[in-house]
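Trainee: Could you have a look at this structure, given as structure tokens, before my questions?
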Amino acid sequence: MSVLYVTQPDAVLSKTAEAFKVALKQEDGSWAKHSVPAQTVEQVVLMGNPQITGDALTYALELGMPVHYLSSFGKYLGSALPGYSRNGQLRLAQYAVYHDEKRRLELVKTIVTGKIHNQYAVLYRHAQKDNPLKSRKQLVKEQTTLNEVRGIEGLAAREYFTCWSAMLNEQWSFNGRNRRPPTDAVNALLGFAYGLLQVQVTAAIHMAGLDPYIGYLHETTRGQPAMVLDLMEEFRPLIADNLILSVISHKELQFDDFTESLGAYRLCESGRKKFLNCWERKMNDEFKHPTFGYRCHYRRAIELQARLLSRHLQEGVVYKPLALR
């Protein structure tokens, strides 16, 4: 099973029999049409402004297939999700932990500790051993309020990205994390990768039956999917950040894979295709899961973490973030 990415702005995704049909406009004005058997597709991602017909959207949902929307910058916009997550008891348990200050604080500490652990592992792997993240991880355990833990998480994130310039080639300018819009190529990659990661985590949260809008580290204000953002934290360094550093160091992306307009950077069409190929390769990488003891790929690992978090909320099973060395 795979993800069907449609990235051309004027593309049209429709349905024919038991297959999806993708129509792509060519430079001469003609249309090239490609057929994709529905049984080979697990999710659909529409990036930019491609069209999807009503028949295709309905068919995807009938098959239990989520359809996700990203902006041309790669920012996650939303999803059309199948209606199969109706676990009322789990959601009641999720809400109860939200209102239980002690349990919520302990879970937030776990989430932030896992994220900082994985950030430190990224730096260590790239010979940036002289950094304060290990002490920040220990400091998280000593905090007594949510805001104090959030403060340590924010501080660790700034210190983490400060080390990035030393891991990048000199021609890749990076002076820290920025967005809306990204003002350099590295931030454009970070935004795109985090958008793709949000797609996967949203699908996993929905499959597990969790409410995507009730989280613990992230507040439930402004309609943000707080639970999705919470679960993303441990995977940002593991998947997105490691992949970006890899494609840059192996020169799988070049500067001509980006466009710049009014100070805003984004991947061009060919650059997006290259990165999506790298993304799928990363998502299919296998490793031994430290909690369950068997081999799995990253897409499956995200689903497992969502289900493990569900069991923690409903049954009190210890939640362990996915932490790899």
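As shown in the structure tokens, the chain order sets the letters A, B, ...; within each chain, residues go from 1, and ligands are also counted from 1 in the order they appear.
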For the interface of segment 248-302 of chain A with segment 68-78 of chain A (cut-off 9 Å, counting only C-alpha atoms), please tabulate each contacting residue of segment 248-302 of chain A alongside its nearest pair of atoms and their separation in Å to one decimal, rows sorted by chain and increasing number, as a Markdown table.
Mentor:
| residue | atom | partner | partner_atom | distance |
| --- | --- | --- | --- | --- |
| A:Tyr265 | CA | A:Phe73 | CA | 8.3 |
| A:Arg266 | CA | A:Phe73 | CA | 5.8 |
| A:Leu267 | CA | A:Phe73 | CA | 7.5 |
Trainee: Give me the residues of segment 173-262 of chain A that have any atom at most 9 Å from an atom of segment 119-134 of chain A; for each, the nearest atom pair and the distance in Å, rounded to one decimal. Use only C-alpha atoms, sort by chain and number, and format it as CSV.
Mentor:
residue,atom,partner,partner_atom,distance
A:Glu234,CA,A:Gln119,CA,8.7
A:Arg236,CA,A:Gln119,CA,8.5
A:Pro237,CA,A:Gln119,CA,5.5
A:Leu238,CA,A:Val122,CA,7.6
A:Asp241,CA,A:Val122,CA,7.9
A:Asn242,CA,A:Val122,CA,6.7
Trainee: So, with only C-alpha atoms as the atoms that count, which of A:Asn169, A:Ser79, A:Ser261, A:Thr53 lies closest to Val247 of chain A?
Mentor: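 Under the stated criterion, the closest residue is A:Asn169.
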Trainee: Determine, for each residue of segment 73-150 of chain A having at least one atom at most 12 Å from an atom of segment 218-226 of chain A, the closest pair of atoms and their separation in Å to one decimal, counting only C-alpha atoms; order by chain and ascending number, as a tab-separated table.
Mentor:
residue	atom	partner	partner_atom	distance
A:Tyr76	CA	A:Pro225	CA	10.9
A:Leu77	CA	A:Gln224	CA	10.7
A:Gly78	CA	A:Pro225	CA	9.9
A:Ser79	CA	A:Pro225	CA	11.6
A:Tyr95	CA	A:Thr220	CA	11.6
A:Tyr98	CA	A:Glu219	CA	10.2
A:Arg104	CA	A:His218	CA	11.3
A:Leu105	CA	A:His218	CA	11.9
A:Leu107	CA	A:His218	CA	11.9
A:Val108	CA	A:His218	CA	9.1
A:Ile111	CA	A:His218	CA	10.8
A:Val112	CA	A:His218	CA	11.1
A:Leu146	CA	A:His218	CA	9.9
A:Asn147	CA	A:His218	CA	10.5
A:Val149	CA	A:His218	CA	11.4
A:Arg150	CA	A:His218	CA	8.9
Trainee: Check the smallest atom-to-atom distance from each of A:Gln143, A:His289, A:Gln39, A:Ile52 to Ala11 of chain A using only C-alpha atoms, then report the winner.
Mentor: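 Checking each of A:Gln143, A:His289, A:Gln39, A:Ile52 against Ala11 of chain A, counting only C-alpha atoms, the winner is A:Ile52.
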Trainee: Residues of segment 24-123 of chain A that approach segment 311-325 of chain A to 9 Å or less, counting only C-alpha atoms: could you list each one with the shortest pair of atoms and its distance in Å to one decimal, rows by chain and increasing residue number, as JSON lines?
Mentor:
{"residue": "A:Gln89", "atom": "CA", "partner": "A:Gln314", "partner_atom": "CA", "distance": 7.8}
{"residue": "A:Leu90", "atom": "CA", "partner": "A:Gln314", "partner_atom": "CA", "distance": 5.9}
{"residue": "A:Arg91", "atom": "CA", "partner": "A:Gln314", "partner_atom": "CA", "distance": 8.7}
{"residue": "A:Leu92", "atom": "CA", "partner": "A:Gln314", "partner_atom": "CA", "distance": 8.7}
{"residue": "A:Ala93", "atom": "CA", "partner": "A:Gln314", "partner_atom": "CA", "distance": 5.5}
{"residue": "A:Gln94", "atom": "CA", "partner": "A:Leu313", "partner_atom": "CA", "distance": 5.9}
{"residue": "A:Ala96", "atom": "CA", "partner": "A:Leu313", "partner_atom": "CA", "distance": 8.7}
{"residue": "A:Val97", "atom": "CA", "partner": "A:Leu313", "partner_atom": "CA", "distance": 7.1}
{"residue": "A:Leu107", "atom": "CA", "partner": "A:Tyr319", "partner_atom": "CA", "distance": 8.0}
{"residue": "A:Thr110", "atom": "CA", "partner": "A:Pro321", "partner_atom": "CA", "distance": 7.2}
{"residue": "A:Ile111", "atom": "CA", "partner": "A:Pro321", "partner_atom": "CA", "distance": 6.6}
{"residue": "A:Thr113", "atom": "CA", "partner": "A:Pro321", "partner_atom": "CA", "distance": 8.5}
{"residue": "A:Gly114", "atom": "CA", "partner": "A:Pro321", "partner_atom": "CA", "distance": 5.4}
{"residue": "A:Lys115", "atom": "CA", "partner": "A:Pro321", "partner_atom": "CA", "distance": 8.1}
{"residue": "A:His117", "atom": "CA", "partner": "A:Ala323", "partner_atom": "CA", "distance": 6.8}
{"residue": "A:Asn118", "atom": "CA", "partner": "A:Ala323", "partner_atom": "CA", "distance": 6.1}
{"residue": "A:Ala121", "atom": "CA", "partner": "A:Arg325", "partner_atom": "CA", "distance": 6.0}
{"residue": "A:Val122", "atom": "CA", "partner": "A:Arg325", "partner_atom": "CA", "distance": 8.7}
Trainee: Once you have the residues from the selection above, write them out as a PDB file, in the first residue's frame, restricted to N, CA and C atoms.
Mentor:
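The resulting file, part39.pdb, is reproduced below:
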ATOM      1  N   GLN A  89     -15.793   5.745  24.750  1.00  0.00           N
ATOM      2  CA  GLN A  89     -15.147   5.547  26.043  1.00  0.00           C
ATOM      3  C   GLN A  89     -13.710   6.060  26.036  1.00  0.00           C
ATOM      4  N   LEU A  90     -13.016   5.865  24.919  1.00  0.00           N
ATOM      5  CA  LEU A  90     -11.648   6.382  24.814  1.00  0.00           C
ATOM      6  C   LEU A  90     -11.646   7.903  24.892  1.00  0.00           C
ATOM      7  N   ARG A  91     -12.565   8.537  24.209  1.00  0.00           N
ATOM      8  CA  ARG A  91     -12.590  10.004  24.224  1.00  0.00           C
ATOM      9  C   ARG A  91     -12.947  10.547  25.606  1.00  0.00           C
ATOM     10  N   LEU A  92     -13.817   9.855  26.320  1.00  0.00           N
ATOM     11  CA  LEU A  92     -14.112  10.276  27.701  1.00  0.00           C
ATOM     12  C   LEU A  92     -12.855  10.173  28.558  1.00  0.00           C
ATOM     13  N   ALA A  93     -12.075   9.115  28.360  1.00  0.00           N
ATOM     14  CA  ALA A  93     -10.815   8.960  29.092  1.00  0.00           C
ATOM     15  C   ALA A  93      -9.825  10.052  28.699  1.00  0.00           C
ATOM     16  N   GLN A  94      -9.815  10.404  27.424  1.00  0.00           N
ATOM     17  CA  GLN A  94      -8.937  11.466  26.934  1.00  0.00           C
ATOM     18  C   GLN A  94      -9.287  12.802  27.583  1.00  0.00           C
ATOM     19  N   ALA A  96     -10.848  13.178  30.442  1.00  0.00           N
ATOM     20  CA  ALA A  96     -10.595  13.096  31.889  1.00  0.00           C
ATOM     21  C   ALA A  96      -9.143  13.422  32.212  1.00  0.00           C
ATOM     22  N   VAL A  97      -8.201  12.917  31.389  1.00  0.00           N
ATOM     23  CA  VAL A  97      -6.781  13.213  31.624  1.00  0.00           C
ATOM     24  C   VAL A  97      -6.504  14.689  31.389  1.00  0.00           C
ATOM     25  N   LEU A 107       2.214  13.253  31.633  1.00  0.00           N
ATOM     26  CA  LEU A 107       2.208  12.880  30.224  1.00  0.00           C
ATOM     27  C   LEU A 107       2.961  13.913  29.386  1.00  0.00           C
ATOM     28  N   THR A 110       6.576  13.362  29.699  1.00  0.00           N
ATOM     29  CA  THR A 110       6.977  12.216  28.886  1.00  0.00           C
ATOM     30  C   THR A 110       7.140  12.613  27.423  1.00  0.00           C
ATOM     31  N   ILE A 111       6.185  13.376  26.901  1.00  0.00           N
ATOM     32  CA  ILE A 111       6.226  13.814  25.506  1.00  0.00           C
ATOM     33  C   ILE A 111       7.460  14.671  25.250  1.00  0.00           C
ATOM     34  N   THR A 113      10.230  14.969  27.088  1.00  0.00           N
ATOM     35  CA  THR A 113      11.466  14.207  27.298  1.00  0.00           C
ATOM     36  C   THR A 113      11.803  13.371  26.075  1.00  0.00           C
ATOM     37  N   GLY A 114      10.782  12.740  25.479  1.00  0.00           N
ATOM     38  CA  GLY A 114      11.007  11.946  24.280  1.00  0.00           C
ATOM     39  C   GLY A 114      11.484  12.789  23.116  1.00  0.00           C
ATOM     40  N   LYS A 115      10.892  13.972  22.951  1.00  0.00           N
ATOM     41  CA  LYS A 115      11.308  14.853  21.867  1.00  0.00           C
ATOM     42  C   LYS A 115      12.756  15.293  22.041  1.00  0.00           C
ATOM     43  N   HIS A 117      15.117  13.873  23.775  1.00  0.00           N
ATOM     44  CA  HIS A 117      15.989  12.705  23.579  1.00  0.00           C
ATOM     45  C   HIS A 117      16.290  12.510  22.096  1.00  0.00           C
ATOM     46  N   ASN A 118      15.276  12.583  21.270  1.00  0.00           N
ATOM     47  CA  ASN A 118      15.479  12.361  19.831  1.00  0.00           C
ATOM     48  C   ASN A 118      16.217  13.518  19.176  1.00  0.00           C
ATOM     49  N   ALA A 121      19.785  12.910  19.937  1.00  0.00           N
ATOM     50  CA  ALA A 121      20.302  11.823  19.099  1.00  0.00           C
ATOM     51  C   ALA A 121      20.664  12.326  17.706  1.00  0.00           C
ATOM     52  N   VAL A 122      19.857  13.252  17.163  1.00  0.00           N
ATOM     53  CA  VAL A 122      20.173  13.840  15.851  1.00  0.00           C
ATOM     54  C   VAL A 122      21.500  14.579  15.918  1.00  0.00           C
TER      55      VAL A 122
END
Trainee: As number ranges by chain, please: the residues near segment 24-37 of chain A (cut-off 12 Å, only C-alpha atoms, same-chain neighbours under 4 positions excluded).
Mentor: A: 1-20, 41-42, 44, 50-51, 56, 60
Trainee: Taking the chain letters and numbering used in this document, name the residues of segment 83-255 of chain A that DSSP puts in alpha helix (DSSP H), as JSON, numbers by chain.
Mentor: {"A": [88, 89, 90, 91, 92, 93, 94, 95, 96, 97, 98, 99, 101, 102, 103, 104, 105, 106, 107, 108, 109, 110, 111, 112, 113, 114, 115, 116, 117, 118, 119, 120, 121, 122, 123, 124, 125, 133, 134, 135, 136, 137, 138, 139, 140, 146, 147, 148, 149, 150, 151, 152, 153, 154, 155, 156, 157, 158, 159, 160, 161, 162, 164, 165, 166, 167, 185, 186, 187, 188, 189, 190, 191, 192, 193, 194, 195, 196, 197, 198, 199, 200, 201, 202, 203, 204, 205, 206, 207, 208, 226, 227, 228, 229, 230, 231, 232, 233, 234, 235, 242, 243, 244, 245, 246, 247, 248, 249]}
Trainee: Do you have the atom CA of Leu197 of chain A-atom CA of Lys288 of chain A distance handy?
Mentor: 20.4 Å
Trainee: Work out how far apart atom CA of Ala38 of chain A and atom CA of Arg295 of chain A are and give it in Å to one decimal.
Mentor: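 Separation of atom CA of Ala38 of chain A and atom CA of Arg295 of chain A: 27.0 Å.
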Trainee: Between A:Tyr160, A:Phe258, A:Tyr216, A:Phe275, which one has atoms that come closest to Leu196 of chain A, using only C-alpha atoms?
Mentor: A:Phe275
Trainee: Distance atom CA of Leu308 of chain A-atom CA of Val228 of chain A, one decimal place?
Mentor: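 Between atom CA of Leu308 of chain A and atom CA of Val228 of chain A the gap works out to 14.2 Å.
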